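A.B. asks: For reference, this is input.pdb, and it has PDB, C-alpha atoms.
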```
MODEL        1
ATOM      1  CA  MET A   1     106.710  59.248-141.549
ATOM      2  CA  GLU A   2     108.852  56.245-142.395
ATOM      3  CA  TYR A   3     106.760  55.917-145.562
ATOM      4  CA  LEU A   4     107.472  59.558-146.489
ATOM      5  CA  HIS A   5     111.172  58.932-145.960
ATOM      6  CA  ARG A   6     111.066  55.920-148.290
ATOM      7  CA  LEU A   7     109.162  57.922-150.915
ATOM      8  CA  THR A   8     111.711  60.730-150.841
ATOM      9  CA  GLN A   9     114.550  58.218-151.125
ATOM     10  CA  LYS A  10     112.933  56.753-154.267
ATOM     11  CA  ILE A  11     112.751  60.116-156.031
ATOM     12  CA  GLN A  12     116.545  60.157-156.268
ATOM     13  CA  LYS A  13     116.179  57.733-159.181
ATOM     14  CA  ASP A  14     113.897  60.156-161.063
ATOM     15  CA  PRO A  15     115.965  61.879-163.799
ATOM     16  CA  THR A  16     114.145  65.217-163.302
ATOM     17  CA  PHE A  17     115.049  65.319-159.597
ATOM     18  CA  LYS A  18     118.310  67.008-158.676
ATOM     19  CA  HIS A  19     119.865  67.146-155.217
ATOM     20  CA  HIS A  20     120.755  70.332-153.421
ATOM     21  CA  ALA A  21     124.474  70.838-154.063
ATOM     22  CA  LYS A  22     125.448  70.250-150.407
ATOM     23  CA  CYS A  23     123.239  67.143-150.103
ATOM     24  CA  LYS A  24     124.169  65.132-153.207
ATOM     25  CA  LYS A  25     127.221  63.375-151.765
ATOM     26  CA  LEU A  26     125.188  62.211-148.746
ATOM     27  CA  GLY A  27     122.070  61.369-150.772
ATOM     28  CA  LEU A  28     120.159  63.614-148.361
ATOM     29  CA  THR A  29     116.588  64.401-149.374
ATOM     30  CA  ASN A  30     114.901  64.813-145.997
ATOM     31  CA  LEU A  31     115.185  65.248-142.245
ATOM     32  CA  ILE A  32     112.213  63.957-140.270
ATOM     33  CA  PHE A  33     111.507  64.084-136.555
ATOM     34  CA  ALA A  34     107.977  63.163-135.439
ATOM     35  CA  ASP A  35     105.734  65.368-137.613
ATOM     36  CA  ASP A  36     108.445  67.922-138.435
ATOM     37  CA  VAL A  37     109.881  67.497-141.947
ATOM     38  CA  GLN A  38     112.608  69.244-143.921
ATOM     39  CA  LEU A  39     112.944  68.385-147.611
ATOM     40  CA  PHE A  40     116.006  69.198-149.704
ATOM     41  CA  CYS A  41     116.413  69.539-153.461
ATOM     42  CA  ARG A  42     117.916  71.854-156.036
ATOM     43  CA  GLY A  43     115.945  75.032-156.661
ATOM     44  CA  ASP A  44     114.674  74.151-160.119
ATOM     45  CA  LEU A  45     111.069  73.631-161.188
ATOM     46  CA  GLY A  46     111.551  69.966-162.158
ATOM     47  CA  SER A  47     112.956  68.972-158.764
ATOM     48  CA  ILE A  48     110.277  70.940-156.906
ATOM     49  CA  GLN A  49     107.506  69.314-158.966
ATOM     50  CA  VAL A  50     108.897  65.832-158.241
ATOM     51  CA  MET A  51     109.010  66.683-154.513
ATOM     52  CA  MET A  52     105.458  68.095-154.529
ATOM     53  CA  ASN A  53     104.149  65.014-156.407
ATOM     54  CA  THR A  54     105.779  62.841-153.742
ATOM     55  CA  LEU A  55     104.010  64.833-151.025
ATOM     56  CA  ARG A  56     100.677  64.456-152.851
ATOM     57  CA  LYS A  57     101.239  60.691-153.106
ATOM     58  CA  PHE A  58     102.007  60.585-149.380
ATOM     59  CA  THR A  59      98.815  62.537-148.598
ATOM     60  CA  ALA A  60      96.690  60.259-150.807
ATOM     61  CA  SER A  61      98.123  57.133-149.157
ATOM     62  CA  THR A  62      98.044  58.215-145.508
ATOM     63  CA  GLY A  63      95.443  60.955-145.259
ATOM     64  CA  LEU A  64      98.043  63.215-143.588
ATOM     65  CA  LYS A  65      97.956  66.699-145.103
ATOM     66  CA  LEU A  66     100.416  69.544-145.293
ATOM     67  CA  SER A  67      99.531  72.765-143.573
ATOM     68  CA  PRO A  68     100.698  75.355-146.152
ATOM     69  CA  SER A  69     100.553  78.119-143.532
ATOM     70  CA  LYS A  70     103.231  76.256-141.534
ATOM     71  CA  CYS A  71     105.388  75.418-144.564
ATOM     72  CA  LYS A  72     108.310  77.540-145.719
ATOM     73  CA  ILE A  73     110.552  77.401-148.745
ATOM     74  CA  TYR A  74     114.192  78.488-148.501
ATOM     75  CA  TYR A  75     116.203  79.655-151.491
ATOM     76  CA  GLY A  76     119.876  79.907-152.187
ATOM     77  CA  SER A  77     121.065  82.409-154.806
ATOM     78  CA  LEU A  78     117.959  82.505-156.982
ATOM     79  CA  ASP A  79     116.632  85.634-158.658
ATOM     80  CA  GLU A  80     113.133  86.932-157.895
ATOM     81  CA  GLN A  81     111.616  85.515-161.089
ATOM     82  CA  GLU A  82     112.810  81.987-160.239
ATOM     83  CA  LYS A  83     111.593  82.403-156.656
ATOM     84  CA  ASP A  84     108.127  83.413-157.886
ATOM     85  CA  ILE A  85     107.925  80.322-160.102
ATOM     86  CA  LEU A  86     108.852  78.020-157.200
ATOM     87  CA  ARG A  87     106.573  79.861-154.772
ATOM     88  CA  THR A  88     103.679  79.336-157.180
ATOM     89  CA  ALA A  89     104.538  75.639-157.615
ATOM     90  CA  THR A  90     104.609  75.012-153.857
ATOM     91  CA  ASN A  91     102.216  77.645-152.468
ATOM     92  CA  PHE A  92     104.664  78.044-149.535
ATOM     93  CA  ASP A  93     105.819  81.330-148.016
ATOM     94  CA  GLU A  94     109.492  82.238-148.206
ATOM     95  CA  GLY A  95     111.517  81.535-145.061
ATOM     96  CA  THR A  96     114.743  83.178-143.973
ATOM     97  CA  LEU A  97     118.017  81.482-143.130
ATOM     98  CA  PRO A  98     119.309  80.399-140.722
ATOM     99  CA  VAL A  99     116.348  78.319-139.603
ATOM    100  CA  LYS A 100     116.313  76.279-136.409
ATOM    101  CA  TYR A 101     115.610  72.569-136.670
ATOM    102  CA  LEU A 102     115.491  70.743-133.335
ATOM    103  CA  GLY A 103     117.285  73.701-131.778
ATOM    104  CA  VAL A 104     120.160  73.624-134.268
ATOM    105  CA  PRO A 105     120.552  76.540-136.707
ATOM    106  CA  LEU A 106     120.690  75.397-140.332
ATOM    107  CA  THR A 107     122.127  77.553-143.081
ATOM    108  CA  SER A 108     124.155  77.211-146.236
ATOM    109  CA  LYS A 109     126.835  79.599-144.957
ATOM    110  CA  LYS A 110     129.083  79.773-141.926
ATOM    111  CA  LEU A 111     127.217  81.100-138.902
ATOM    112  CA  SER A 112     128.452  84.370-137.444
ATOM    113  CA  LEU A 113     128.837  85.206-133.757
ATOM    114  CA  HIS A 114     125.403  86.856-133.499
ATOM    115  CA  HIS A 115     123.741  83.578-134.555
ATOM    116  CA  TYR A 116     125.095  82.010-131.366
ATOM    117  CA  LEU A 117     123.736  84.689-129.024
ATOM    118  CA  PRO A 118     120.544  82.688-128.305
ATOM    119  CA  LEU A 119     122.744  79.824-127.052
ATOM    120  CA  ILE A 120     124.657  82.147-124.737
ATOM    121  CA  ASP A 121     121.400  83.781-123.586
ATOM    122  CA  LYS A 122     119.896  80.368-122.856
ATOM    123  CA  ILE A 123     122.817  79.468-120.591
ATOM    124  CA  VAL A 124     122.747  82.857-118.845
ATOM    125  CA  ASN A 125     118.965  82.609-118.326
ATOM    126  CA  LYS A 126     119.425  79.224-116.652
ATOM    127  CA  MET A 127     121.974  80.769-114.288
ATOM    128  CA  LYS A 128     119.638  83.650-113.418
ATOM    129  CA  HIS A 129     117.158  81.214-111.910
ATOM    130  CA  TRP A 130     119.659  79.351-109.766
ATOM    131  CA  THR A 131     119.735  80.434-106.149
ATOM    132  CA  THR A 132     123.270  80.236-104.864
ATOM    133  CA  LYS A 133     122.662  80.959-101.177
ATOM    134  CA  LEU A 134     122.369  77.253-100.439
ATOM    135  CA  LEU A 135     124.992  76.056-102.937
ATOM    136  CA  SER A 136     128.595  75.387-102.069
ATOM    137  CA  TYR A 137     131.433  75.976-104.493
ATOM    138  CA  ALA A 138     131.301  72.267-105.437
ATOM    139  CA  GLY A 139     127.545  72.521-105.957
ATOM    140  CA  ARG A 140     127.960  75.458-108.338
ATOM    141  CA  VAL A 141     130.648  73.554-110.272
ATOM    142  CA  GLN A 142     128.392  70.515-110.572
ATOM    143  CA  LEU A 143     125.453  72.655-111.698
ATOM    144  CA  VAL A 144     127.538  74.324-114.414
ATOM    145  CA  LYS A 145     128.944  70.976-115.580
ATOM    146  CA  SER A 146     125.615  69.182-115.715
ATOM    147  CA  VAL A 147     123.375  71.912-117.136
ATOM    148  CA  SER A 148     125.300  74.709-118.839
ATOM    149  CA  SER A 149     127.821  72.433-120.506
ATOM    150  CA  ALA A 150     125.106  70.064-121.697
ATOM    151  CA  ILE A 151     123.378  72.898-123.574
ATOM    152  CA  ALA A 152     126.595  73.756-125.445
ATOM    153  CA  PHE A 153     127.501  70.088-126.006
ATOM    154  CA  TYR A 154     124.170  69.500-127.771
ATOM    155  CA  LEU A 155     125.131  71.943-130.529
ATOM    156  CA  MET A 156     128.728  70.739-130.560
ATOM    157  CA  GLN A 157     127.486  67.305-131.641
ATOM    158  CA  CYS A 158     126.479  68.918-134.932
ATOM    159  CA  PHE A 159     129.327  71.353-135.556
ATOM    160  CA  PRO A 160     132.218  72.974-133.705
ATOM    161  CA  LEU A 161     131.417  76.195-131.883
ATOM    162  CA  PRO A 162     133.626  79.198-132.673
ATOM    163  CA  LYS A 163     136.323  80.028-130.156
ATOM    164  CA  GLY A 164     134.683  83.375-129.293
ATOM    165  CA  VAL A 165     131.406  81.660-128.380
ATOM    166  CA  LEU A 166     133.172  79.120-126.177
ATOM    167  CA  GLN A 167     135.064  81.943-124.455
ATOM    168  CA  LYS A 168     131.822  83.829-123.716
ATOM    169  CA  ILE A 169     130.159  80.702-122.299
ATOM    170  CA  ASP A 170     133.257  79.955-120.249
ATOM    171  CA  ALA A 171     133.340  83.524-118.883
ATOM    172  CA  HIS A 172     129.701  83.323-117.734
ATOM    173  CA  CYS A 173     130.277  79.914-116.131
ATOM    174  CA  ARG A 174     133.426  81.076-114.326
ATOM    175  CA  SER A 175     131.616  84.161-113.066
ATOM    176  CA  PHE A 176     128.780  82.032-111.697
ATOM    177  CA  ILE A 177     131.145  79.552-110.020
ATOM    178  CA  TRP A 178     133.420  82.141-108.388
ATOM    179  CA  THR A 179     131.063  85.033-107.648
ATOM    180  CA  SER A 180     127.610  83.409-107.705
ATOM    181  CA  SER A 181     126.713  85.963-110.388
ATOM    182  CA  HIS A 182     125.578  85.265-113.943
ATOM    183  CA  THR A 183     127.188  88.439-115.332
ATOM    184  CA  CYS A 184     130.791  88.557-116.428
TER     185      CYS A 184
ENDMDL
END
```
Could you write out this structure as structure tokens?
C.D. replies:
Amino acid sequence: MEYLHRLTQKIQKDPTFKHHAKCKKLGLTNLIFADDVQLFCRGDLGSIQVMMNTLRKFTASTGLKLSPSKCKIYYGSLDEQEKDILRTATNFDEGTLPVKYLGVPLTSKKLSLHHYLPLIDKIVNKMKHWTTKLLSYAGRVQLVKSVSSAIAFYLMQCFPLPKGVLQKIDAHCRSFIWTSSHTC
């Protein structure tokens, strides 16, 4: 995967390759974790062809192949005709934004409150499984600090959570600490 990263870094010198508008300043062309890859470029045929040629070169060199059924292409403000051209060039299905990458929602726009509901649900579901009969007040505080807060902090490393989301998480945590209940 390090080789794929180096290949995608080299394509920045190709005059037909253009960065995605939000990625140019950073020189961002890819995100790779283990065998999970996200590639970024402008939504024009030239850039897509350069990216696909890079993937073919990677496959020829390593023997690792793409699984088109697992691949998605995401568009930003393109008309249907342009989307069809790019879909044909890649043979990938269209994905919908936001998409989760390593548990973090990625999108080109600001996330709304409903995008954070899975985070809140995850924290509440953890609390549902905790038996409080044998926990003291201090034990419940420690459990909330070590588990519930850690889940929220993971996302907060990437971007700030909206005030409303933090208030909902805080309300659930307070309810668990004071009443041993996960509902607020």
A.B. asks: Counting all atoms listed in the file, what is within 9 Å of stretch 178-182 of chain A, bar same-chain residues fewer than 2 positions away, as a list in words?
C.D. replies: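 Residues meeting the cut-off are Val124, Asn125, Met127, Lys128, Thr131, Thr132, Lys133, Tyr137, Arg140, His172, Cys173, Arg174, Ser175, Phe176 and Cys184 of chain A.
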A.B. asks: For A:Asn53, which of A:Leu28, A:Ala21, A:Leu155, A:Leu4 is the closest residue, counting only C-alpha atoms?
C.D. replies: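 Once distances to A:Asn53 are computed over only C-alpha atoms, the minimum belongs to A:Leu4.
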A.B. asks: For A:Ser77, list every protein, DNA or RNA residue within 12 Å, evaluated using only C-alpha atoms, and leave out those in the same chain fewer than 6 positions away; present the list as an NGL selection string.
C.D. replies: :A and (42-44 or 83 or 108-109)
A.B. asks: Work out how far apart atom CA of A:Gln38 and atom CA of A:Leu97 are and give it in Å to one decimal.
C.D. replies: 13.4 Å
A.B. asks: Which residue gives the smallest distance to A:Leu119 among A:Lys70, A:Arg87, A:Lys57, A:Lys100, with all atoms listed in the file counted?
C.D. replies: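 Residue with the minimum atom-to-atom distance to A:Leu119: A:Lys100.
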A.B. asks: Contacts of A:Leu102 at 12 Å or less, counting only C-alpha atoms, minus same-chain residues fewer than 4 places along, as an NGL selection string?
C.D. replies: :A and (31-38 or 106 or 154-155 or 158)
A.B. asks: Produce a file of the selected residues containing C-alpha atoms, as a compact mmCIF listing (two decimals), in the frame of the given file.
C.D. replies:
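selection_21.txt, freshly written:
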```
# COMPACT_ATOMS: atom_id res chain seq x y z
CA LEU A 31 115.18 65.25 -142.24
CA ILE A 32 112.21 63.96 -140.27
CA PHE A 33 111.51 64.08 -136.56
CA ALA A 34 107.98 63.16 -135.44
CA ASP A 35 105.73 65.37 -137.61
CA ASP A 36 108.44 67.92 -138.44
CA VAL A 37 109.88 67.50 -141.95
CA GLN A 38 112.61 69.24 -143.92
CA LEU A 106 120.69 75.40 -140.33
CA TYR A 154 124.17 69.50 -127.77
CA LEU A 155 125.13 71.94 -130.53
CA CYS A 158 126.48 68.92 -134.93
```
A.B. asks: At a cut-off of 10 Å, using only C-alpha atoms, what residues contact A:Pro15? Leave out same-chain residues fewer than 3 positions from it and give the result as a VMD selection string.
C.D. replies: chain A and resid 11 to 12 18 46 to 47 50
A.B. asks: Let me make sure I understand: among A:Leu86, A:Leu7, A:Met52, A:Cys23, which one has the smallest atom-to-atom distance to A:Leu66 if we use only C-alpha atoms?
C.D. replies: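 The shortest atom-to-atom distance to A:Leu66 comes from A:Met52.
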A.B. asks: Any idea what's packed within 10 Å of A:His115, counting all atoms listed in the file, ignoring anything in its chain fewer than 4 positions away? Could you give it as number ranges by chain?
C.D. replies: A: 98, 105, 110-111, 119-120
